[in-house]
Each structure stands twice: as structure tokens, then as C-alpha cells.
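Just run.cif here, mmCIF, N, CA and C atoms:
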data_work
loop_
_atom_site.label_atom_id
_atom_site.label_comp_id
_atom_site.auth_asym_id
_atom_site.auth_seq_id
_atom_site.Cartn_x
_atom_site.Cartn_y
_atom_site.Cartn_z
N MET I 277 -3.48 11.74 53.06
CA MET I 277 -3.24 11.43 51.67
C MET I 277 -2.86 9.95 51.55
N ILE I 278 -3.46 9.26 50.60
CA ILE I 278 -3.19 7.84 50.39
C ILE I 278 -1.92 7.70 49.55
N PRO I 279 -0.97 6.88 50.01
CA PRO I 279 0.26 6.70 49.22
C PRO I 279 -0.04 5.98 47.90
N VAL I 280 0.64 6.41 46.86
CA VAL I 280 0.46 5.82 45.53
C VAL I 280 1.51 4.73 45.36
N PRO I 281 1.10 3.54 44.89
CA PRO I 281 2.08 2.47 44.68
C PRO I 281 3.15 2.88 43.67
N PRO I 282 4.39 2.46 43.86
CA PRO I 282 5.48 2.86 42.95
C PRO I 282 5.21 2.48 41.49
N ALA I 283 4.54 1.34 41.28
CA ALA I 283 4.26 0.92 39.89
C ALA I 283 3.41 1.96 39.17
N ARG I 284 2.58 2.67 39.90
CA ARG I 284 1.74 3.71 39.30
C ARG I 284 2.60 4.82 38.71
N HIS I 285 3.65 5.20 39.43
CA HIS I 285 4.57 6.22 38.93
C HIS I 285 5.33 5.72 37.70
N LEU I 286 5.70 4.45 37.72
CA LEU I 286 6.41 3.88 36.58
C LEU I 286 5.52 3.86 35.34
N LEU I 287 4.24 3.57 35.54
CA LEU I 287 3.32 3.59 34.40
C LEU I 287 3.17 4.98 33.82
N ARG I 288 3.24 6.00 34.68
CA ARG I 288 3.17 7.37 34.19
C ARG I 288 4.36 7.66 33.27
N ALA I 289 5.55 7.19 33.64
CA ALA I 289 6.73 7.39 32.80
C ALA I 289 6.63 6.57 31.51
N LYS I 290 6.12 5.35 31.63
CA LYS I 290 5.96 4.50 30.45
C LYS I 290 4.96 5.12 29.47
N ASP I 291 3.88 5.65 30.00
CA ASP I 291 2.89 6.32 29.14
C ASP I 291 3.49 7.54 28.46
N LEU I 292 4.34 8.26 29.18
CA LEU I 292 5.02 9.42 28.59
C LEU I 292 5.90 8.97 27.42
N ALA I 293 6.64 7.89 27.61
CA ALA I 293 7.50 7.38 26.53
C ALA I 293 6.66 6.92 25.33
N ASP I 294 5.51 6.31 25.60
CA ASP I 294 4.64 5.86 24.50
C ASP I 294 4.05 7.04 23.73
N ALA I 295 3.66 8.07 24.45
CA ALA I 295 2.98 9.20 23.82
C ALA I 295 3.93 10.20 23.19
N ARG I 296 5.13 10.34 23.73
CA ARG I 296 6.03 11.40 23.25
C ARG I 296 7.37 10.85 22.79
N TYR I 297 7.38 9.64 22.22
CA TYR I 297 8.62 9.00 21.77
C TYR I 297 9.39 9.87 20.78
N PHE I 298 8.69 10.70 20.03
CA PHE I 298 9.30 11.50 18.97
C PHE I 298 10.00 12.74 19.53
N ASP I 299 9.76 13.08 20.78
CA ASP I 299 10.43 14.22 21.41
C ASP I 299 11.82 13.82 21.88
N ASP I 300 12.57 14.81 22.29
CA ASP I 300 13.92 14.58 22.79
C ASP I 300 13.85 14.16 24.26
N LEU I 301 13.24 13.00 24.52
CA LEU I 301 13.10 12.50 25.88
C LEU I 301 14.38 11.83 26.35
N THR I 302 14.68 11.99 27.61
CA THR I 302 15.81 11.32 28.22
C THR I 302 15.31 10.50 29.39
N VAL I 303 16.18 9.67 29.94
CA VAL I 303 15.82 8.89 31.12
C VAL I 303 15.52 9.83 32.28
N ALA I 304 16.23 10.95 32.33
CA ALA I 304 15.97 11.93 33.39
C ALA I 304 14.55 12.49 33.28
N ASP I 305 14.07 12.73 32.07
CA ASP I 305 12.70 13.21 31.87
C ASP I 305 11.68 12.18 32.34
N LEU I 306 11.94 10.92 32.02
CA LEU I 306 11.04 9.85 32.44
C LEU I 306 11.06 9.69 33.96
N ALA I 307 12.24 9.81 34.54
CA ALA I 307 12.36 9.72 36.01
C ALA I 307 11.60 10.85 36.68
N ARG I 308 11.68 12.03 36.09
CA ARG I 308 10.95 13.18 36.63
C ARG I 308 9.44 12.94 36.57
N ALA I 309 8.97 12.33 35.48
CA ALA I 309 7.54 12.03 35.34
C ALA I 309 7.10 11.01 36.40
N ALA I 310 8.01 10.10 36.75
CA ALA I 310 7.70 9.09 37.76
C ALA I 310 7.94 9.60 39.17
N ARG I 311 8.51 10.79 39.28
CA ARG I 311 8.84 11.40 40.57
C ARG I 311 9.78 10.53 41.39
N LEU I 312 10.81 10.01 40.69
CA LEU I 312 11.85 9.21 41.32
C LEU I 312 13.21 9.73 40.89
N SER I 313 14.24 9.39 41.67
CA SER I 313 15.58 9.75 41.23
C SER I 313 15.92 8.92 40.00
N ARG I 314 16.87 9.40 39.22
CA ARG I 314 17.19 8.73 37.96
C ARG I 314 17.66 7.30 38.20
N ALA I 315 18.55 7.10 39.15
CA ALA I 315 19.09 5.76 39.42
C ALA I 315 17.99 4.84 39.95
N HIS I 316 17.20 5.32 40.89
CA HIS I 316 16.13 4.49 41.45
C HIS I 316 15.08 4.19 40.38
N PHE I 317 14.78 5.17 39.56
CA PHE I 317 13.82 4.97 38.48
C PHE I 317 14.30 3.90 37.52
N SER I 318 15.56 3.98 37.09
CA SER I 318 16.10 3.00 36.14
C SER I 318 16.03 1.59 36.72
N HIS I 319 16.39 1.47 37.98
CA HIS I 319 16.37 0.16 38.64
C HIS I 319 14.93 -0.38 38.72
N GLU I 320 14.01 0.44 39.17
CA GLU I 320 12.62 0.01 39.33
C GLU I 320 11.95 -0.26 37.98
N PHE I 321 12.26 0.54 36.98
CA PHE I 321 11.70 0.35 35.64
C PHE I 321 12.14 -1.00 35.08
N ARG I 322 13.42 -1.28 35.20
CA ARG I 322 13.96 -2.55 34.70
C ARG I 322 13.32 -3.72 35.44
N ARG I 323 13.15 -3.58 36.73
CA ARG I 323 12.55 -4.65 37.54
C ARG I 323 11.08 -4.87 37.15
N ALA I 324 10.35 -3.79 36.88
CA ALA I 324 8.92 -3.89 36.58
C ALA I 324 8.65 -4.32 35.13
N PHE I 325 9.44 -3.83 34.18
CA PHE I 325 9.12 -4.05 32.77
C PHE I 325 10.13 -4.91 32.01
N GLY I 326 11.21 -5.31 32.67
CA GLY I 326 12.15 -6.22 32.05
C GLY I 326 13.17 -5.61 31.11
N GLN I 327 13.19 -4.31 30.98
CA GLN I 327 14.20 -3.64 30.17
C GLN I 327 14.42 -2.24 30.71
N SER I 328 15.55 -1.67 30.34
CA SER I 328 15.88 -0.33 30.82
C SER I 328 14.96 0.70 30.18
N PRO I 329 14.81 1.86 30.81
CA PRO I 329 13.98 2.92 30.21
C PRO I 329 14.50 3.34 28.83
N HIS I 330 15.81 3.41 28.69
CA HIS I 330 16.39 3.80 27.40
C HIS I 330 16.04 2.76 26.33
N ALA I 331 16.17 1.48 26.67
CA ALA I 331 15.84 0.42 25.71
C ALA I 331 14.36 0.44 25.35
N TYR I 332 13.50 0.72 26.33
CA TYR I 332 12.06 0.79 26.07
C TYR I 332 11.74 1.92 25.10
N LEU I 333 12.32 3.08 25.35
CA LEU I 333 12.10 4.24 24.48
C LEU I 333 12.62 3.97 23.06
N LEU I 334 13.78 3.37 22.96
CA LEU I 334 14.34 3.03 21.65
C LEU I 334 13.45 2.03 20.92
N THR I 335 12.91 1.07 21.65
CA THR I 335 12.00 0.09 21.05
C THR I 335 10.76 0.77 20.49
N ARG I 336 10.18 1.69 21.23
CA ARG I 336 9.00 2.43 20.74
C ARG I 336 9.35 3.19 19.47
N ARG I 337 10.49 3.83 19.44
CA ARG I 337 10.90 4.61 18.27
C ARG I 337 11.12 3.70 17.06
N LEU I 338 11.75 2.56 17.28
CA LEU I 338 12.00 1.64 16.17
C LEU I 338 10.71 1.01 15.65
N GLU I 339 9.78 0.73 16.55
CA GLU I 339 8.49 0.20 16.10
C GLU I 339 7.76 1.20 15.21
N ARG I 340 7.78 2.46 15.62
CA ARG I 340 7.12 3.50 14.81
C ARG I 340 7.84 3.68 13.48
N ALA I 341 9.18 3.63 13.51
CA ALA I 341 9.95 3.76 12.27
C ALA I 341 9.62 2.61 11.32
N ALA I 342 9.49 1.40 11.85
CA ALA I 342 9.16 0.24 11.01
C ALA I 342 7.79 0.44 10.35
N ALA I 343 6.84 0.96 11.11
CA ALA I 343 5.51 1.21 10.54
C ALA I 343 5.57 2.27 9.45
N LEU I 344 6.34 3.32 9.68
CA LEU I 344 6.46 4.39 8.67
C LEU I 344 7.19 3.91 7.43
N LEU I 345 8.17 3.03 7.59
CA LEU I 345 8.89 2.50 6.43
C LEU I 345 7.96 1.71 5.52
N VAL I 346 7.01 1.01 6.10
CA VAL I 346 6.10 0.17 5.32
C VAL I 346 4.96 0.98 4.72
N THR I 347 4.45 1.96 5.45
CA THR I 347 3.22 2.64 5.03
C THR I 347 3.44 3.99 4.36
N THR I 348 4.68 4.46 4.27
CA THR I 348 4.93 5.74 3.61
C THR I 348 6.09 5.60 2.63
N ASP I 349 6.24 6.60 1.79
CA ASP I 349 7.37 6.66 0.87
C ASP I 349 8.39 7.70 1.32
N ARG I 350 8.29 8.15 2.56
CA ARG I 350 9.19 9.19 3.06
C ARG I 350 10.62 8.68 3.14
N ALA I 351 11.57 9.59 3.04
CA ALA I 351 12.99 9.23 3.09
C ALA I 351 13.35 8.66 4.45
N ILE I 352 14.33 7.77 4.46
CA ILE I 352 14.75 7.13 5.71
C ILE I 352 15.26 8.15 6.70
N ILE I 353 15.99 9.14 6.25
CA ILE I 353 16.50 10.17 7.17
C ILE I 353 15.34 10.96 7.79
N GLU I 354 14.32 11.20 7.02
CA GLU I 354 13.14 11.92 7.52
C GLU I 354 12.43 11.10 8.59
N ILE I 355 12.30 9.81 8.34
CA ILE I 355 11.67 8.92 9.33
C ILE I 355 12.51 8.86 10.59
N CYS I 356 13.81 8.77 10.43
CA CYS I 356 14.72 8.74 11.57
C CYS I 356 14.51 9.96 12.46
N LEU I 357 14.47 11.12 11.87
CA LEU I 357 14.30 12.35 12.64
C LEU I 357 12.90 12.47 13.22
N ASP I 358 11.89 11.99 12.49
CA ASP I 358 10.51 12.08 12.96
C ASP I 358 10.23 11.21 14.18
N VAL I 359 10.95 10.12 14.33
CA VAL I 359 10.73 9.26 15.49
C VAL I 359 11.59 9.65 16.68
N GLY I 360 12.34 10.73 16.55
CA GLY I 360 13.09 11.25 17.69
C GLY I 360 14.54 10.85 17.76
N LEU I 361 15.06 10.23 16.71
CA LEU I 361 16.48 9.85 16.71
C LEU I 361 17.28 10.92 15.98
N LYS I 362 18.52 11.06 16.36
CA LYS I 362 19.35 12.15 15.82
C LYS I 362 20.32 11.71 14.73
N SER I 363 20.74 10.47 14.74
CA SER I 363 21.78 10.00 13.82
C SER I 363 21.25 8.87 12.95
N VAL I 364 21.40 9.01 11.65
CA VAL I 364 20.96 7.97 10.72
C VAL I 364 21.82 6.72 10.90
N GLY I 365 23.09 6.91 11.19
CA GLY I 365 23.99 5.77 11.39
C GLY I 365 23.57 4.92 12.58
N SER I 366 23.31 5.57 13.70
CA SER I 366 22.89 4.80 14.88
C SER I 366 21.48 4.24 14.69
N PHE I 367 20.64 4.96 13.96
CA PHE I 367 19.30 4.45 13.64
C PHE I 367 19.41 3.17 12.82
N THR I 368 20.24 3.19 11.80
CA THR I 368 20.41 2.02 10.94
C THR I 368 20.96 0.85 11.73
N THR I 369 21.95 1.11 12.58
CA THR I 369 22.54 0.04 13.40
C THR I 369 21.51 -0.54 14.36
N SER I 370 20.78 0.31 15.06
CA SER I 370 19.77 -0.15 16.01
C SER I 370 18.64 -0.89 15.30
N PHE I 371 18.21 -0.37 14.17
CA PHE I 371 17.12 -0.98 13.41
C PHE I 371 17.54 -2.37 12.92
N THR I 372 18.76 -2.46 12.40
CA THR I 372 19.26 -3.74 11.90
C THR I 372 19.38 -4.75 13.03
N ARG I 373 19.83 -4.31 14.19
CA ARG I 373 19.95 -5.19 15.35
C ARG I 373 18.56 -5.69 15.79
N ALA I 374 17.57 -4.82 15.74
CA ALA I 374 16.23 -5.18 16.21
C ALA I 374 15.45 -6.02 15.19
N TYR I 375 15.56 -5.70 13.91
CA TYR I 375 14.73 -6.34 12.89
C TYR I 375 15.48 -7.29 11.96
N GLY I 376 16.80 -7.31 12.04
CA GLY I 376 17.58 -8.22 11.21
C GLY I 376 17.79 -7.74 9.78
N LEU I 377 17.24 -6.59 9.44
CA LEU I 377 17.39 -5.98 8.11
C LEU I 377 17.65 -4.49 8.28
N SER I 378 18.37 -3.91 7.34
CA SER I 378 18.55 -2.46 7.37
C SER I 378 17.20 -1.81 7.04
N PRO I 379 17.02 -0.53 7.35
CA PRO I 379 15.75 0.12 7.02
C PRO I 379 15.37 0.01 5.54
N SER I 380 16.33 0.18 4.65
CA SER I 380 16.00 0.09 3.22
C SER I 380 15.64 -1.34 2.81
N GLN I 381 16.32 -2.34 3.38
CA GLN I 381 15.97 -3.73 3.09
C GLN I 381 14.60 -4.08 3.67
N TYR I 382 14.31 -3.55 4.84
CA TYR I 382 13.02 -3.78 5.48
C TYR I 382 11.90 -3.22 4.61
N ARG I 383 12.10 -2.00 4.12
CA ARG I 383 11.09 -1.37 3.26
C ARG I 383 10.90 -2.18 1.98
N ALA I 384 11.99 -2.66 1.40
CA ALA I 384 11.92 -3.41 0.14
C ALA I 384 11.21 -4.76 0.31
N ALA I 385 11.15 -5.27 1.54
CA ALA I 385 10.53 -6.57 1.79
C ALA I 385 9.00 -6.49 1.79
N PHE I 386 8.44 -5.30 1.72
CA PHE I 386 6.99 -5.11 1.74
C PHE I 386 6.53 -4.47 0.44
N PRO I 387 5.24 -4.59 0.11
CA PRO I 387 4.72 -3.91 -1.07
C PRO I 387 4.90 -2.39 -0.93
N PRO I 388 4.94 -1.66 -2.03
CA PRO I 388 5.10 -0.21 -1.93
C PRO I 388 3.95 0.42 -1.14
N ALA I 389 4.24 1.56 -0.56
CA ALA I 389 3.25 2.26 0.28
C ALA I 389 1.98 2.58 -0.49
N SER I 390 2.09 2.80 -1.79
CA SER I 390 0.91 3.12 -2.58
C SER I 390 -0.11 1.98 -2.58
N ALA I 391 0.35 0.75 -2.34
CA ALA I 391 -0.57 -0.38 -2.27
C ALA I 391 -1.47 -0.30 -1.04
N TYR I 392 -1.04 0.43 -0.03
CA TYR I 392 -1.82 0.57 1.20
C TYR I 392 -2.80 1.73 1.14
N ALA I 393 -2.69 2.57 0.13
CA ALA I 393 -3.57 3.74 0.03
C ALA I 393 -4.96 3.28 -0.37
N ARG I 394 -5.90 3.55 0.46
CA ARG I 394 -7.29 3.19 0.18
C ARG I 394 -8.04 4.45 -0.24
N VAL I 395 -8.54 4.44 -1.46
CA VAL I 395 -9.30 5.57 -1.96
C VAL I 395 -10.74 5.13 -2.11
N PRO I 396 -11.67 5.84 -1.47
CA PRO I 396 -13.08 5.45 -1.59
C PRO I 396 -13.55 5.49 -3.05
N ALA I 397 -14.48 4.59 -3.37
CA ALA I 397 -14.98 4.49 -4.74
C ALA I 397 -15.63 5.78 -5.22
N CYS I 398 -16.30 6.51 -4.31
CA CYS I 398 -16.95 7.75 -4.71
C CYS I 398 -15.92 8.79 -5.17
N VAL I 399 -14.75 8.78 -4.53
CA VAL I 399 -13.69 9.72 -4.92
C VAL I 399 -13.12 9.32 -6.27
N VAL I 400 -12.94 8.02 -6.47
CA VAL I 400 -12.44 7.53 -7.77
C VAL I 400 -13.40 7.94 -8.88
N ARG I 401 -14.70 7.77 -8.64
CA ARG I 401 -15.69 8.14 -9.66
C ARG I 401 -15.68 9.65 -9.92
N ALA I 402 -15.59 10.43 -8.86
CA ALA I 402 -15.62 11.89 -9.02
C ALA I 402 -14.41 12.38 -9.83
N TYR I 403 -13.25 11.82 -9.56
CA TYR I 403 -12.07 12.25 -10.30
C TYR I 403 -11.96 11.57 -11.65
N GLY I 404 -12.75 10.52 -11.88
CA GLY I 404 -12.73 9.84 -13.16
C GLY I 404 -13.65 10.48 -14.19
N ARG I 405 -14.48 11.40 -13.76
CA ARG I 405 -15.40 12.08 -14.69
C ARG I 405 -14.63 13.02 -15.60
N PRO I 406 -15.15 13.23 -16.79
CA PRO I 406 -14.48 14.18 -17.70
C PRO I 406 -14.42 15.58 -17.08
N GLN I 407 -13.31 16.23 -17.22
CA GLN I 407 -13.11 17.56 -16.65
C GLN I 407 -13.01 18.63 -17.73
N HIS I 408 -13.32 18.30 -18.98
CA HIS I 408 -13.16 19.23 -20.09
C HIS I 408 -14.46 19.98 -20.36
N ARG I 409 -14.72 20.96 -19.58
CA ARG I 409 -15.92 21.77 -19.79
C ARG I 409 -15.50 23.12 -20.35
N THR I 410 -16.42 23.70 -21.09
CA THR I 410 -16.17 25.04 -21.61
C THR I 410 -17.27 25.95 -21.11
N PHE I 411 -17.09 27.24 -21.34
CA PHE I 411 -18.11 28.20 -20.93
C PHE I 411 -19.41 27.99 -21.71
N ARG I 412 -19.30 27.55 -22.94
CA ARG I 412 -20.49 27.35 -23.76
C ARG I 412 -21.37 26.24 -23.20
N GLU I 413 -20.76 25.20 -22.64
CA GLU I 413 -21.57 24.13 -22.05
C GLU I 413 -22.38 24.66 -20.87
N ASP I 414 -21.80 25.55 -20.10
CA ASP I 414 -22.50 26.10 -18.95
C ASP I 414 -23.65 27.01 -19.38
N ALA I 415 -23.49 27.67 -20.52
CA ALA I 415 -24.49 28.62 -20.97
C ALA I 415 -25.52 27.98 -21.90
N ALA I 416 -25.36 26.72 -22.22
CA ALA I 416 -26.30 26.05 -23.14
C ALA I 416 -27.68 25.99 -22.51
N PRO I 417 -28.74 26.16 -23.36
CA PRO I 417 -30.10 26.08 -22.82
C PRO I 417 -30.39 24.67 -22.30
N ALA I 418 -31.27 24.59 -21.34
CA ALA I 418 -31.64 23.30 -20.78
C ALA I 418 -32.35 22.48 -21.84
N PRO I 419 -32.23 21.17 -21.80
CA PRO I 419 -32.93 20.31 -22.76
C PRO I 419 -34.44 20.50 -22.64
N ALA I 420 -35.14 20.17 -23.69
CA ALA I 420 -36.58 20.38 -23.78
C ALA I 420 -37.33 19.64 -22.68
N TYR I 421 -36.91 18.43 -22.36
CA TYR I 421 -37.64 17.67 -21.34
C TYR I 421 -37.50 18.30 -19.97
N LEU I 422 -36.42 19.02 -19.70
CA LEU I 422 -36.27 19.71 -18.42
C LEU I 422 -37.10 21.01 -18.40
N ARG I 423 -37.18 21.70 -19.56
CA ARG I 423 -37.99 22.93 -19.62
C ARG I 423 -39.46 22.62 -19.46
N ALA I 424 -39.90 21.47 -19.91
CA ALA I 424 -41.31 21.11 -19.84
C ALA I 424 -41.74 20.82 -18.42
N GLN I 425 -40.81 20.42 -17.56
CA GLN I 425 -41.15 20.10 -16.17
C GLN I 425 -41.31 21.33 -15.28
N ARG I 426 -40.88 22.46 -15.74
CA ARG I 426 -40.94 23.67 -14.91
C ARG I 426 -42.29 24.21 -14.77
#
Please rewrite the model in this file as C-alpha cells.
Amino acid sequence: MIPVPPARHLLRAKDLADARYFDDLTVADLARAARLSRAHFSHEFRRAFGQSPHAYLLTRRLERAAALLVTTDRAIIEICLDVGLKSVGSFTTSFTRAYGLSPSQYRAAFPPASAYARVPACVVRAYGRPQHRTFREDAAPAPAYLRAQR
């Protein structure tokens, strides 16, 4: 069996953090994915990527929260829970430390989420058509020019 370089195991843990940031992941879970002890994993992760596994996971969560704050109208507490954080207070503190603004101030600094909604022109036209039909319109005889073509 060919030995696998340690960086390969670290990438497996990093990929897990990127893909499952919203789950209740711990450093122990990431260490298990890398098949290393928790202490050795933390040391090697910091050496390879320049930050601790916990800080990396928190960064991924805050990045996703920032994107959701700008592109959705969902409540801040809902976003906090959706990105895998448990406390709105610690979320607000961490977010403010990372971005320099509280989550609500960050959201207010961008156009409303509705400005990002792209609706295709065909959908706009379809919903813009009159919707006031009656049964009599459906039962009306076809116009003469249509009957002549039959």
C-alpha cells in the first residue's frame, strides 16, 4: 500500500468543513475525517493552512451568513441557525469582528434582496396577462375567420 501524504488527509477535513459547515461539526469530527489525533490534526492544520480548524470552520460559516444576509430577507436568527451556529450573541460578535459591521448593519449596507431577484421576461409576460376570464368566454363560438380555416 502506498502511503498517503499528510496534506491529503488535511484536505479531506477541509473539504468536509466546506461542504458541511451548517452541521454541528467539531474539531474532533474534522480530525476523524483526516484520520489524525485531535491535537496532531490541529497542529498540522494550522501549519498547512495558516489558521486553526475552528477558525477555518467559523470563517466558512460567516462567509455563508454574509451571502445570505445580502441575498435573502430571512431573519438574522434564522440565518445564524442555518449556517450551523447556536447563539445569536456569539454570531453577532464574531460577524462584527470579521466584517466590521453587525449583521443588521451589513444587510442595510446593500440593496434589498428583492433587487437581486431575476425574473425571466416570459414569466413577467405570463403573469402580466389579464386573468379575468369567465365561463362564457370559454364557451363562446370561434370567430368566423377561424371557422373558415377548418
Give me the residues within 8 Å of region 368-382 of chain I as a list in words, counting all atoms listed in the file and dropping any in the same chain fewer than 4 places off. Leu338, Ala341, Ala342, Leu345, Val346, Ile352, Cys356, Ser363, Val364 and Phe386 of chain I
Between I:Lys362, I:Val399, I:Phe298, I:Pro388, which one has atoms that come closest to Arg337 (chain I), using only N, CA and C atoms? I:Phe298
From I:Ala324, I:Cys398, I:Leu287, I:Glu339, residue lying nearest Ala310 (chain I) [only N, CA and C atoms]: I:Leu287
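Of the listed residues (I:Arg383, I:Arg401, I:Arg350, I:Arg288), I:Arg288 comes nearest to Arg311 (chain I); the distances count all atoms listed in the file.
One finds CA of Asp349 (chain I) at 23.1 Å from CA of Ala397 (chain I).
The space separating CA of Pro387 (chain I) from CA of Ile355 (chain I) comes to 17.9 Å.
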Find the distance between CA of Arg394 (chain I) and CA of Ala351 (chain I) and write it in Å to one decimal. 21.4 Å
Explicit residue set for the PyMOL selection byres (((chain I and resi 302 and name CA) around 12) and name CA), as an MDAnalysis selection string: chainID I and resid 289 292:293 296:301 303:309 314 318 328:334 360:361
Calculated over all atoms listed in the file, which of the candidates I:Ala384, I:Glu354, I:Phe367, I:Leu286 has the smallest distance to Glu320 (chain I)? I:Leu286
Hey, could you patch up region 341-350 of chain I with all heavy atoms and hand it over as an mmCIF file, keeping the file's coordinate frame?
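The file below, rebuild_27.cif, is the result:
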data_model
loop_
_atom_site.group_PDB
_atom_site.id
_atom_site.type_symbol
_atom_site.label_atom_id
_atom_site.label_comp_id
_atom_site.auth_asym_id
_atom_site.auth_seq_id
_atom_site.Cartn_x
_atom_site.Cartn_y
_atom_site.Cartn_z
ATOM 1 N N ALA I 341 9.180 3.630 13.510
ATOM 2 C CA ALA I 341 9.950 3.760 12.270
ATOM 3 C C ALA I 341 9.620 2.610 11.320
ATOM 4 O O ALA I 341 9.464 2.823 10.114
ATOM 5 C CB ALA I 341 11.440 3.788 12.584
ATOM 6 N N ALA I 342 9.490 1.400 11.850
ATOM 7 C CA ALA I 342 9.160 0.240 11.010
ATOM 8 C C ALA I 342 7.790 0.440 10.350
ATOM 9 O O ALA I 342 7.619 0.157 9.160
ATOM 10 C CB ALA I 342 9.176 -1.035 11.835
ATOM 11 N N ALA I 343 6.840 0.960 11.110
ATOM 12 C CA ALA I 343 5.510 1.210 10.540
ATOM 13 C C ALA I 343 5.570 2.270 9.450
ATOM 14 O O ALA I 343 4.934 2.138 8.402
ATOM 15 C CB ALA I 343 4.543 1.632 11.638
ATOM 16 N N LEU I 344 6.340 3.320 9.680
ATOM 17 C CA LEU I 344 6.460 4.390 8.670
ATOM 18 C C LEU I 344 7.190 3.910 7.430
ATOM 19 O O LEU I 344 6.879 4.330 6.315
ATOM 20 C CB LEU I 344 7.176 5.604 9.272
ATOM 21 C CG LEU I 344 6.387 6.383 10.313
ATOM 22 C CD1 LEU I 344 7.271 7.444 10.976
ATOM 23 C CD2 LEU I 344 5.161 7.025 9.705
ATOM 24 N N LEU I 345 8.170 3.030 7.590
ATOM 25 C CA LEU I 345 8.890 2.500 6.430
ATOM 26 C C LEU I 345 7.960 1.710 5.520
ATOM 27 O O LEU I 345 8.091 1.741 4.299
ATOM 28 C CB LEU I 345 10.051 1.611 6.884
ATOM 29 C CG LEU I 345 11.268 2.334 7.437
ATOM 30 C CD1 LEU I 345 12.196 1.345 8.139
ATOM 31 C CD2 LEU I 345 12.006 3.072 6.343
ATOM 32 N N VAL I 346 7.010 1.010 6.100
ATOM 33 C CA VAL I 346 6.100 0.170 5.320
ATOM 34 C C VAL I 346 4.960 0.980 4.720
ATOM 35 O O VAL I 346 4.546 0.732 3.586
ATOM 36 C CB VAL I 346 5.547 -0.973 6.198
ATOM 37 C CG1 VAL I 346 4.463 -1.748 5.486
ATOM 38 C CG2 VAL I 346 6.676 -1.902 6.607
ATOM 39 N N THR I 347 4.450 1.960 5.450
ATOM 40 C CA THR I 347 3.220 2.640 5.030
ATOM 41 C C THR I 347 3.440 3.990 4.360
ATOM 42 O O THR I 347 2.458 4.617 3.962
ATOM 43 C CB THR I 347 2.272 2.828 6.227
ATOM 44 O OG1 THR I 347 2.947 3.592 7.226
ATOM 45 C CG2 THR I 347 1.846 1.493 6.794
ATOM 46 N N THR I 348 4.680 4.460 4.270
ATOM 47 C CA THR I 348 4.930 5.740 3.610
ATOM 48 C C THR I 348 6.090 5.600 2.630
ATOM 49 O O THR I 348 6.844 4.629 2.682
ATOM 50 C CB THR I 348 5.277 6.860 4.620
ATOM 51 O OG1 THR I 348 6.551 6.591 5.200
ATOM 52 C CG2 THR I 348 4.228 7.002 5.689
ATOM 53 N N ASP I 349 6.240 6.600 1.790
ATOM 54 C CA ASP I 349 7.370 6.660 0.870
ATOM 55 C C ASP I 349 8.390 7.700 1.320
ATOM 56 O O ASP I 349 9.240 8.115 0.536
ATOM 57 C CB ASP I 349 6.883 7.001 -0.546
ATOM 58 C CG ASP I 349 6.117 5.859 -1.169
ATOM 59 O OD1 ASP I 349 6.406 4.698 -0.835
ATOM 60 O OD2 ASP I 349 5.220 6.118 -1.986
ATOM 61 N N ARG I 350 8.290 8.150 2.560
ATOM 62 C CA ARG I 350 9.190 9.190 3.060
ATOM 63 C C ARG I 350 10.620 8.680 3.140
ATOM 64 O O ARG I 350 10.855 7.478 3.304
ATOM 65 C CB ARG I 350 8.714 9.683 4.413
ATOM 66 C CG ARG I 350 7.399 10.419 4.248
ATOM 67 C CD ARG I 350 6.658 10.793 5.469
ATOM 68 N NE ARG I 350 7.428 11.027 6.656
ATOM 69 C CZ ARG I 350 6.910 10.951 7.871
ATOM 70 N NH1 ARG I 350 5.646 10.659 8.031
ATOM 71 N NH2 ARG I 350 7.644 11.182 8.922
#
